[in-house]
>>> print(open('coords.txt').read())   # compact mmCIF, C-alpha atoms
# COMPACT_ATOMS: atom_id res chain seq x y z
CA MET S 1 10.36 26.37 1.26
CA GLU S 2 12.93 24.44 -0.75
CA PHE S 3 13.97 20.87 -0.22
CA TYR S 4 17.15 19.29 -1.36
CA SER S 5 17.91 15.78 -2.49
CA ASP S 6 20.45 15.39 0.32
CA ASP S 7 17.88 16.20 3.02
CA SER S 8 17.48 13.16 5.25
CA ASP S 9 14.22 11.20 5.31
CA GLU S 10 13.58 12.29 8.86
CA GLU S 11 13.94 15.99 7.95
CA LEU S 12 11.53 15.52 5.07
CA VAL S 13 9.06 13.66 7.30
CA LEU S 14 9.05 16.63 9.70
CA GLN S 15 8.15 18.88 6.77
CA VAL S 16 5.40 16.50 5.63
CA GLN S 17 3.99 16.69 9.14
CA LYS S 18 3.82 20.47 8.64
CA GLY S 19 1.90 19.93 5.39
CA HIS S 20 4.63 20.46 2.77
CA SER S 21 3.69 18.45 -0.29
CA GLU S 22 7.13 19.02 -1.90
CA ALA S 23 8.77 17.12 0.93
CA PHE S 24 6.25 14.33 0.43
CA ALA S 25 7.01 14.26 -3.30
CA MET S 26 10.70 13.94 -2.55
CA LEU S 27 10.10 10.98 -0.23
CA VAL S 28 7.88 9.31 -2.83
CA ASN S 29 10.45 9.76 -5.59
CA ARG S 30 13.16 8.43 -3.30
CA HIS S 31 11.43 5.27 -2.10
CA THR S 32 8.87 4.19 -4.73
CA ASP S 33 11.16 1.85 -6.69
CA TYR S 34 12.49 0.18 -3.56
CA LEU S 35 9.05 -0.21 -1.99
CA TYR S 36 7.50 -1.54 -5.18
CA ARG S 37 10.25 -4.15 -5.44
CA ILE S 38 9.74 -5.23 -1.81
CA VAL S 39 5.98 -5.52 -2.22
CA TRP S 40 6.16 -7.27 -5.59
CA ARG S 41 8.60 -9.84 -4.24
CA THR S 42 6.20 -10.61 -1.42
CA TYR S 43 3.10 -10.49 -3.61
CA PRO S 44 4.11 -10.89 -7.27
CA ASP S 45 1.15 -9.20 -8.90
CA THR S 46 1.88 -5.97 -10.74
CA GLN S 47 -1.48 -4.30 -10.19
CA GLU S 48 -1.86 -5.24 -6.53
CA ALA S 49 1.73 -4.27 -5.74
CA GLU S 50 1.11 -0.88 -7.31
CA ASP S 51 -2.03 -0.40 -5.22
CA VAL S 52 -0.25 -1.31 -2.00
CA VAL S 53 2.60 1.16 -2.63
CA GLN S 54 0.15 3.90 -3.51
CA ASP S 55 -2.02 3.20 -0.51
CA VAL S 56 0.89 3.15 1.96
CA PHE S 57 2.19 6.51 0.73
CA LEU S 58 -1.22 8.16 0.67
CA LYS S 59 -2.03 6.92 4.17
CA PHE S 60 1.21 8.47 5.36
CA TRP S 61 0.38 11.73 3.57
CA HIS S 62 -3.07 11.95 5.14
CA LYS S 63 -1.79 10.97 8.56
CA PRO S 64 1.96 11.65 8.82
CA SER S 65 1.85 11.18 12.60
CA LEU S 66 1.60 7.42 11.90
CA PHE S 67 5.37 7.49 11.69
CA ASP S 68 6.84 8.19 15.10
CA SER S 69 10.55 8.90 14.90
CA THR S 70 10.91 8.67 18.69
CA LYS S 71 10.40 4.91 18.46
CA GLY S 72 13.85 4.60 16.98
CA ALA S 73 13.09 3.08 13.58
CA SER S 74 14.12 4.95 10.46
CA PHE S 75 11.46 6.14 8.04
CA ARG S 76 12.58 3.59 5.43
CA THR S 77 12.37 0.75 7.95
CA TRP S 78 8.91 1.88 9.03
CA LEU S 79 7.73 2.22 5.44
CA THR S 80 9.05 -1.25 4.56
CA ARG S 81 7.36 -2.77 7.57
CA VAL S 82 3.97 -1.22 6.79
CA ALA S 83 4.12 -2.18 3.10
CA MET S 84 5.35 -5.71 3.78
CA ASN S 85 2.67 -6.32 6.36
CA ARG S 86 0.04 -5.20 3.85
CA ALA S 87 1.48 -7.53 1.22
CA ILE S 88 1.58 -10.44 3.70
CA ASP S 89 -2.05 -9.81 4.68
CA MET S 90 -3.01 -9.98 1.02
CA LEU S 91 -0.95 -13.12 0.54
CA ARG S 92 -2.82 -14.84 3.37
CA LYS S 93 -6.17 -13.88 1.87
CA LYS S 94 -5.41 -14.72 -1.74
CA LYS S 95 -2.47 -16.38 -3.43
CA PRO S 96 -1.37 -14.33 -6.42
CA ILE S 97 -0.82 -15.74 -9.85
CA PRO S 98 2.79 -14.62 -10.33
CA ASP S 99 3.64 -12.40 -13.25
CA TYR S 100 6.67 -14.53 -14.21
CA ASP S 101 5.03 -15.67 -17.42
CA TYR S 102 4.28 -12.10 -18.33
CA LEU S 103 7.89 -11.07 -17.70
CA MET S 104 9.12 -14.04 -19.71
CA GLN S 105 6.76 -13.21 -22.56
CA GLN S 106 8.10 -9.65 -22.62
CA SER S 107 11.62 -10.98 -23.23
CA MET S 108 10.46 -13.51 -25.81
CA ASN S 109 8.70 -10.79 -27.76
CA ASP S 110 11.86 -8.73 -27.97
CA PRO S 111 13.61 -9.86 -31.16
CA ASN S 112 16.85 -8.12 -30.20
CA ILE S 113 17.39 -9.91 -26.90
CA PRO S 114 20.61 -11.98 -27.01
CA LEU S 115 20.35 -15.69 -26.21
CA HIS S 116 22.52 -15.49 -23.10
CA GLU S 117 20.23 -12.79 -21.68
CA LEU S 118 17.22 -14.99 -22.33
CA GLU S 119 18.92 -17.91 -20.57
CA GLU S 120 19.75 -15.64 -17.68
CA LYS S 121 16.13 -14.61 -17.43
CA VAL S 122 14.95 -18.21 -17.41
CA ALA S 123 17.41 -18.93 -14.59
CA LYS S 124 16.08 -15.95 -12.66
CA ILE S 125 12.52 -17.13 -13.08
CA GLU S 126 13.53 -20.59 -11.82
CA LEU S 127 15.17 -18.97 -8.82
CA GLU S 128 12.04 -16.91 -8.25
CA GLN S 129 9.89 -20.05 -8.30
CA ALA S 130 12.26 -21.80 -5.90
CA ILE S 131 12.11 -18.86 -3.49
CA SER S 132 8.32 -18.88 -3.65
CA ASN S 133 8.44 -22.46 -2.32
CA LEU S 134 10.21 -21.38 0.87
CA PRO S 135 8.24 -20.70 4.05
CA GLU S 136 6.93 -17.12 4.19
CA ARG S 137 9.30 -15.86 6.93
CA GLN S 138 12.35 -17.33 5.22
CA GLN S 139 11.36 -15.63 1.97
CA GLN S 140 11.11 -12.29 3.72
CA ALA S 141 14.41 -12.68 5.52
CA LEU S 142 16.19 -13.60 2.31
CA ASN S 143 14.58 -10.78 0.42
CA LEU S 144 15.47 -8.09 2.93
CA CYS S 145 18.98 -9.16 3.87
CA PHE S 146 20.28 -10.57 0.65
CA TYR S 147 18.42 -8.95 -2.19
CA GLU S 148 17.70 -5.56 -0.64
CA ASP S 149 21.02 -5.59 1.18
CA LEU S 150 19.59 -4.31 4.45
CA ARG S 151 21.53 -4.72 7.68
CA GLN S 152 20.37 -7.67 9.76
CA LYS S 153 19.45 -5.25 12.53
CA ASP S 154 17.07 -3.32 10.24
CA ALA S 155 15.65 -6.47 8.71
CA ALA S 156 15.04 -7.90 12.20
CA GLU S 157 13.25 -4.70 13.15
CA ILE S 158 11.05 -4.85 10.05
CA MET S 159 10.13 -8.47 10.74
CA ASP S 160 9.82 -7.90 14.47
CA VAL S 161 12.29 -10.62 15.46
CA SER S 162 15.59 -10.66 17.35
CA ILE S 163 18.89 -10.54 15.44
CA LYS S 164 19.58 -14.14 16.53
CA ALA S 165 16.25 -15.27 15.12
CA MET S 166 17.02 -13.42 11.89
CA GLU S 167 20.36 -15.18 11.56
CA SER S 168 18.68 -18.51 12.06
CA LEU S 169 15.97 -17.68 9.51
CA LEU S 170 18.61 -16.75 6.94
CA MET S 171 20.57 -19.89 7.56
CA ARG S 172 17.51 -22.10 7.14
CA ALA S 173 16.43 -20.14 4.06
CA LYS S 174 19.79 -20.67 2.38
CA LYS S 175 19.79 -24.38 3.20
CA SER S 176 16.25 -24.93 1.93
CA LEU S 177 16.85 -22.89 -1.19
CA TYR S 178 20.00 -24.81 -1.96
CA GLN S 179 18.09 -28.06 -1.52
CA ILE S 180 15.28 -26.92 -3.83
CA MET S 181 17.72 -25.79 -6.51
CA ILE S 182 19.64 -29.08 -6.34
CA GLU S 183 16.42 -31.06 -6.71
CA ARG S 184 15.32 -28.97 -9.67
CA LYS S 185 18.63 -29.25 -11.49
CA PRO S 186 18.32 -31.64 -14.42
CA SER S 187 20.72 -34.54 -13.96
CA MET F 1 26.77 -7.23 10.99
CA LYS F 2 26.57 -7.94 7.28
CA HIS F 3 25.42 -11.28 6.00
CA GLU F 4 27.62 -13.32 3.73
CA PHE F 5 26.09 -15.14 0.83
CA ASN F 6 27.60 -16.72 -2.16
CA GLN F 7 26.31 -14.31 -4.77
CA ASN F 8 27.25 -16.65 -7.62
CA ILE F 9 24.97 -19.44 -6.45
CA LEU F 10 21.91 -17.31 -5.83
CA GLY F 11 22.44 -14.79 -8.57
CA THR F 12 20.44 -11.62 -8.65
CA ARG F 13 16.73 -11.86 -8.49
CA LEU F 14 14.26 -10.93 -11.10
CA SER F 15 13.45 -7.27 -10.72
CA PRO F 16 10.01 -6.14 -11.70
CA PRO F 17 10.11 -2.88 -13.62
CA THR F 18 8.41 -0.20 -11.54
CA PRO F 19 5.59 1.38 -13.52
CA HIS F 20 7.29 4.55 -14.78
CA ASP F 21 4.58 6.95 -13.66
CA LEU F 22 3.78 5.36 -10.30
CA ALA F 23 5.58 8.01 -8.22
CA ALA F 24 4.01 10.79 -10.29
CA ARG F 25 0.54 9.32 -9.80
CA ILE F 26 1.01 9.04 -6.04
CA ILE F 27 2.16 12.67 -5.84
CA ALA F 28 -0.72 13.84 -8.05
CA ASN F 29 -3.26 11.97 -5.91
CA ALA F 30 -1.84 13.46 -2.74
CA GLN F 31 -1.81 17.01 -4.12
CA GLN F 32 -5.28 16.68 -5.59
CA GLY F 33 -6.91 15.85 -2.30
CA GLY F 34 -4.82 17.94 0.05
CA GLN F 35 -3.56 16.63 3.35
CA ASN F 36 -6.84 16.65 5.26
CA ALA F 37 -9.14 15.88 2.37
CA GLY F 38 -11.85 13.40 3.08
CA ILE F 39 -11.23 13.52 6.81
CA TRP F 40 -14.97 13.81 7.56
CA MET F 41 -15.75 11.02 5.16
CA MET F 42 -13.10 8.92 6.84
CA LEU F 43 -14.84 9.49 10.18
CA ILE F 44 -18.05 7.98 8.83
CA LEU F 45 -16.98 5.37 6.28
CA PRO F 46 -15.09 2.98 8.56
CA ARG F 47 -17.95 3.03 11.05
CA PRO F 48 -20.82 0.98 9.68
CA TYR F 49 -22.30 0.56 13.17
CA LEU F 50 -22.61 4.33 13.51
CA VAL F 51 -24.50 4.56 10.22
CA LEU F 52 -26.70 1.55 11.01
CA SER F 53 -27.52 2.88 14.49
CA ALA F 54 -28.56 6.23 13.02
CA LEU F 55 -30.78 4.48 10.48
CA PHE F 56 -32.30 2.35 13.25
CA ILE F 57 -33.15 5.40 15.35
CA VAL F 58 -34.73 7.19 12.38
CA SER F 59 -36.78 4.11 11.45
CA PHE F 60 -37.87 3.67 15.07
CA PHE F 61 -39.29 7.20 15.23
CA ALA F 62 -40.84 6.81 11.81
CA GLY F 63 -42.41 3.58 13.06
CA ILE F 64 -44.11 5.28 16.01
CA GLY F 65 -45.56 7.78 13.61
CA MET F 66 -43.27 10.73 14.10
CA ASP F 67 -43.39 13.16 11.21
CA PHE F 68 -39.94 14.21 10.03
CA GLY F 69 -41.42 16.56 7.48
CA PHE F 70 -40.08 14.64 4.54
CA ASN F 71 -42.62 13.70 1.99
CA SER F 72 -45.57 14.66 4.19
CA ILE F 73 -48.86 15.50 2.53
CA GLU F 74 -49.24 18.78 4.45
CA ALA F 75 -45.84 20.01 3.33
CA MET F 76 -46.48 19.15 -0.28
CA THR F 77 -50.00 20.43 -0.78
CA VAL F 78 -50.73 24.09 -1.12
CA ASN F 79 -53.64 25.33 0.84
CA GLU F 80 -56.23 27.44 -1.04
CA GLN F 81 -56.21 29.98 1.76
CA ASP F 82 -52.43 30.36 1.51
CA ILE F 83 -52.75 31.24 -2.16
CA LEU F 84 -55.36 33.85 -1.38
CA TYR F 85 -53.20 35.26 1.41
CA ALA F 86 -50.27 35.47 -0.95
CA VAL F 87 -52.40 37.44 -3.43
CA ASP F 88 -53.96 40.11 -1.24
CA ASN F 89 -52.48 39.60 2.22
CA SER F 90 -55.79 38.56 3.75
CA TYR F 91 -57.60 35.30 4.19
CA TYR F 92 -60.84 34.88 2.35
CA VAL F 93 -63.68 34.50 4.74
CA GLU F 94 -66.69 32.94 3.30
CA THR F 95 -69.86 34.77 4.22
CA LEU F 96 -73.19 33.22 3.97
>>> encode(input="coords.txt", output="structure tokens")
Amino acid sequence: MEFYSDDSDEELVLQVQKGHSEAFAMLVNRHTDYLYRIVWRTYPDTQEAEDVVQDVFLKFWHKPSLFDSTKGASFRTWLTRVAMNRAIDMLRKKKPIPDYDYLMQQSMNDPNIPLHELEEKVAKIELEQAISNLPERQQQALNLCFYEDLRQKDAAEIMDVSIKAMESLLMRAKKSLYQIMIERKPS
Amino acid sequence: MKHEFNQNILGTRLSPPTPHDLAARIIANAQQGGQNAGIWMMLILPRPYLVLSALFIVSFFAGIGMDFGFNSIEAMTVNEQDILYAVDNSYYVETL
């Protein structure tokens, strides 16, 4: 059986449930980058984030019935929810030592990197540190709605809150982040 | 409804580079094991109470002297008569 890149996630999931590994491979190729980014932003540790992504996909492969399309959520929403919950569980058990330094070092070691790119990277790391100071729920809301550009409805579903609550979380996140950035700005 | 942020203030976030072979490794792991691989192991492994209960039952019977046949002297020693029987199909009867 052949699968095409324009097959929807839900069609591919049906094929995975029938045991087609090619359909599974297509889903993995489609969502790995996105899922890794989501997990890493919740738990910024390269190795652990990798393990979570791998584990979530393999669990789904061994038991595809875990995703129930009749519940209304899309496969991507479901996948995000499972992975994020895993990352949050880890976060509650052990605070990661963020890989920001490692990422910074990578840029510093590159002799060809232009100065403005380096400055940009420093600014991004500062932003990252500011976001990590926000309460957990606000971080998630910001990450999903702003950085991953999900619809508020989908983000609310992932976080298991109402759309109103999501709006309020986003508003508070923006306010707090703005405050943190203002305080950090050298006068 | 779409959210509205001022992109200029927040900028884009740092994006961790996805390990280039992560997807390939996940697919290889899945194909290596097959879809139902390890299903029996998965029935046992997450159930420590099942394993401990089985061990308890075995040790209880061992404690009251029940012979499970493992490591028993009778099973490990070869009787002289059995050797003789194996040689000429008859037991040696000692006559005085």
>>> residues_around(input="coords.txt", residues="S:Ala130", least_positions_apart="2", cutoff="9 Å", atoms="all atoms listed in the file", output="ChimeraX atom specification")
/S:125-128,132-134,177,180-181,184
>>> residues_around(input="coords.txt", residues="stretch 140-150 of chain S", least_positions_apart="3", cutoff="8 Å", atoms="all atoms listed in the file", output="tab-separated table (two decimals) with C-alpha atoms, in the frame of the given file")
chain	number	residue	atom	x	y	z
S	38	ILE	CA	9.74	-5.23	-1.81
S	41	ARG	CA	8.60	-9.84	-4.24
S	42	THR	CA	6.20	-10.61	-1.42
S	136	GLU	CA	6.93	-17.12	4.19
S	137	ARG	CA	9.30	-15.86	6.93
S	154	ASP	CA	17.07	-3.32	10.24
S	155	ALA	CA	15.65	-6.47	8.71
S	159	MET	CA	10.13	-8.47	10.74
S	166	MET	CA	17.02	-13.42	11.89
S	169	LEU	CA	15.97	-17.68	9.51
S	170	LEU	CA	18.61	-16.75	6.94
S	173	ALA	CA	16.43	-20.14	4.06
S	174	LYS	CA	19.79	-20.67	2.38
F	3	HIS	CA	25.42	-11.28	6.00
F	5	PHE	CA	26.09	-15.14	0.83
F	12	THR	CA	20.44	-11.62	-8.65
F	13	ARG	CA	16.73	-11.86	-8.49
>>> closest_residue(input="coords.txt", among="F:Asp21, F:Ile27, F:Phe61, F:Phe68", to="chain S", atoms="all atoms listed in the file")
F:Ile27
>>> interface_residues(input="coords.txt", of="chain S", to="chain F", cutoff="8 Å", atoms="only C-alpha atoms", output="PyMOL selection string")
chain S and resi 19+21+24-25+28-29+32-33+36-37+40+50+54+57-58+61-63+121+124-125+127-128+145-147+151-153
>>> write_last_selection(input="coords.txt", atoms="C-alpha atoms", output="PDB file, in the coordinates of the input")
ATOM      1  CA  GLY S  19       1.900  19.930   5.390  1.00  0.00           C
ATOM      2  CA  SER S  21       3.690  18.450  -0.290  1.00  0.00           C
ATOM      3  CA  PHE S  24       6.250  14.330   0.430  1.00  0.00           C
ATOM      4  CA  ALA S  25       7.010  14.260  -3.300  1.00  0.00           C
ATOM      5  CA  VAL S  28       7.880   9.310  -2.830  1.00  0.00           C
ATOM      6  CA  ASN S  29      10.450   9.760  -5.590  1.00  0.00           C
ATOM      7  CA  THR S  32       8.870   4.190  -4.730  1.00  0.00           C
ATOM      8  CA  ASP S  33      11.160   1.850  -6.690  1.00  0.00           C
ATOM      9  CA  TYR S  36       7.500  -1.540  -5.180  1.00  0.00           C
ATOM     10  CA  ARG S  37      10.250  -4.150  -5.440  1.00  0.00           C
ATOM     11  CA  TRP S  40       6.160  -7.270  -5.590  1.00  0.00           C
ATOM     12  CA  GLU S  50       1.110  -0.880  -7.310  1.00  0.00           C
ATOM     13  CA  GLN S  54       0.150   3.900  -3.510  1.00  0.00           C
ATOM     14  CA  PHE S  57       2.190   6.510   0.730  1.00  0.00           C
ATOM     15  CA  LEU S  58      -1.220   8.160   0.670  1.00  0.00           C
ATOM     16  CA  TRP S  61       0.380  11.730   3.570  1.00  0.00           C
ATOM     17  CA  HIS S  62      -3.070  11.950   5.140  1.00  0.00           C
ATOM     18  CA  LYS S  63      -1.790  10.970   8.560  1.00  0.00           C
ATOM     19  CA  LYS S 121      16.130 -14.610 -17.430  1.00  0.00           C
ATOM     20  CA  LYS S 124      16.080 -15.950 -12.660  1.00  0.00           C
ATOM     21  CA  ILE S 125      12.520 -17.130 -13.080  1.00  0.00           C
ATOM     22  CA  LEU S 127      15.170 -18.970  -8.820  1.00  0.00           C
ATOM     23  CA  GLU S 128      12.040 -16.910  -8.250  1.00  0.00           C
ATOM     24  CA  CYS S 145      18.980  -9.160   3.870  1.00  0.00           C
ATOM     25  CA  PHE S 146      20.280 -10.570   0.650  1.00  0.00           C
ATOM     26  CA  TYR S 147      18.420  -8.950  -2.190  1.00  0.00           C
ATOM     27  CA  ARG S 151      21.530  -4.720   7.680  1.00  0.00           C
ATOM     28  CA  GLN S 152      20.370  -7.670   9.760  1.00  0.00           C
ATOM     29  CA  LYS S 153      19.450  -5.250  12.530  1.00  0.00           C
TER      30      LYS S 153
END
>>> atom_distance(input="coords.txt", atom1="atom CA of S:Leu35", atom2="atom CA of S:Gln179")
29.3 Å
>>> atom_distance(input="coords.txt", atom1="atom CA of S:Gln47", atom2="atom CA of S:His116")
29.5 Å
>>> residues_around(input="coords.txt", residues="S:Ile158", least_positions_apart="4", cutoff="8 Å", atoms="all atoms listed in the file", output="list in words")
Thr77, Trp78, Thr80, Arg81 and Asp154 of chain S
>>> atom_distance(input="coords.txt", atom1="atom CA of S:Val39", atom2="atom CA of S:Val53")
7.5 Å
>>> closest_residue(input="coords.txt", among="S:Val56, S:Asp45, S:Asp6, S:Ser168", to="S:Met26", atoms="all atoms listed in the file")
S:Asp6
>>> residues_near_point(input="coords.txt", point="(3.2, -8.9, -1.7)", cutoff="9 Å", atoms="all atoms listed in the file", output="ChimeraX atom specification")
/S:38-45,48-49,52,83-91,96
>>> closest_residue(input="coords.txt", among="S:Val82, S:Ile163, S:Ile131, S:Ala23", to="S:Lys59", atoms="only C-alpha atoms")
S:Val82
>>> axis_aligned_box(input="coords.txt", around="stretch 44-55 of chain S", padding_each_side="4 Å", output="JSON")
{"center_x": 1.0, "center_y": -3.5, "center_z": -5.6, "size_x": 14.1, "size_y": 22.8, "size_z": 18.2}
>>> closest_residue(input="coords.txt", among="S:Arg172, S:Ala156, S:Pro111, S:Glu120", to="S:Pro135", atoms="all atoms listed in the file")
S:Arg172
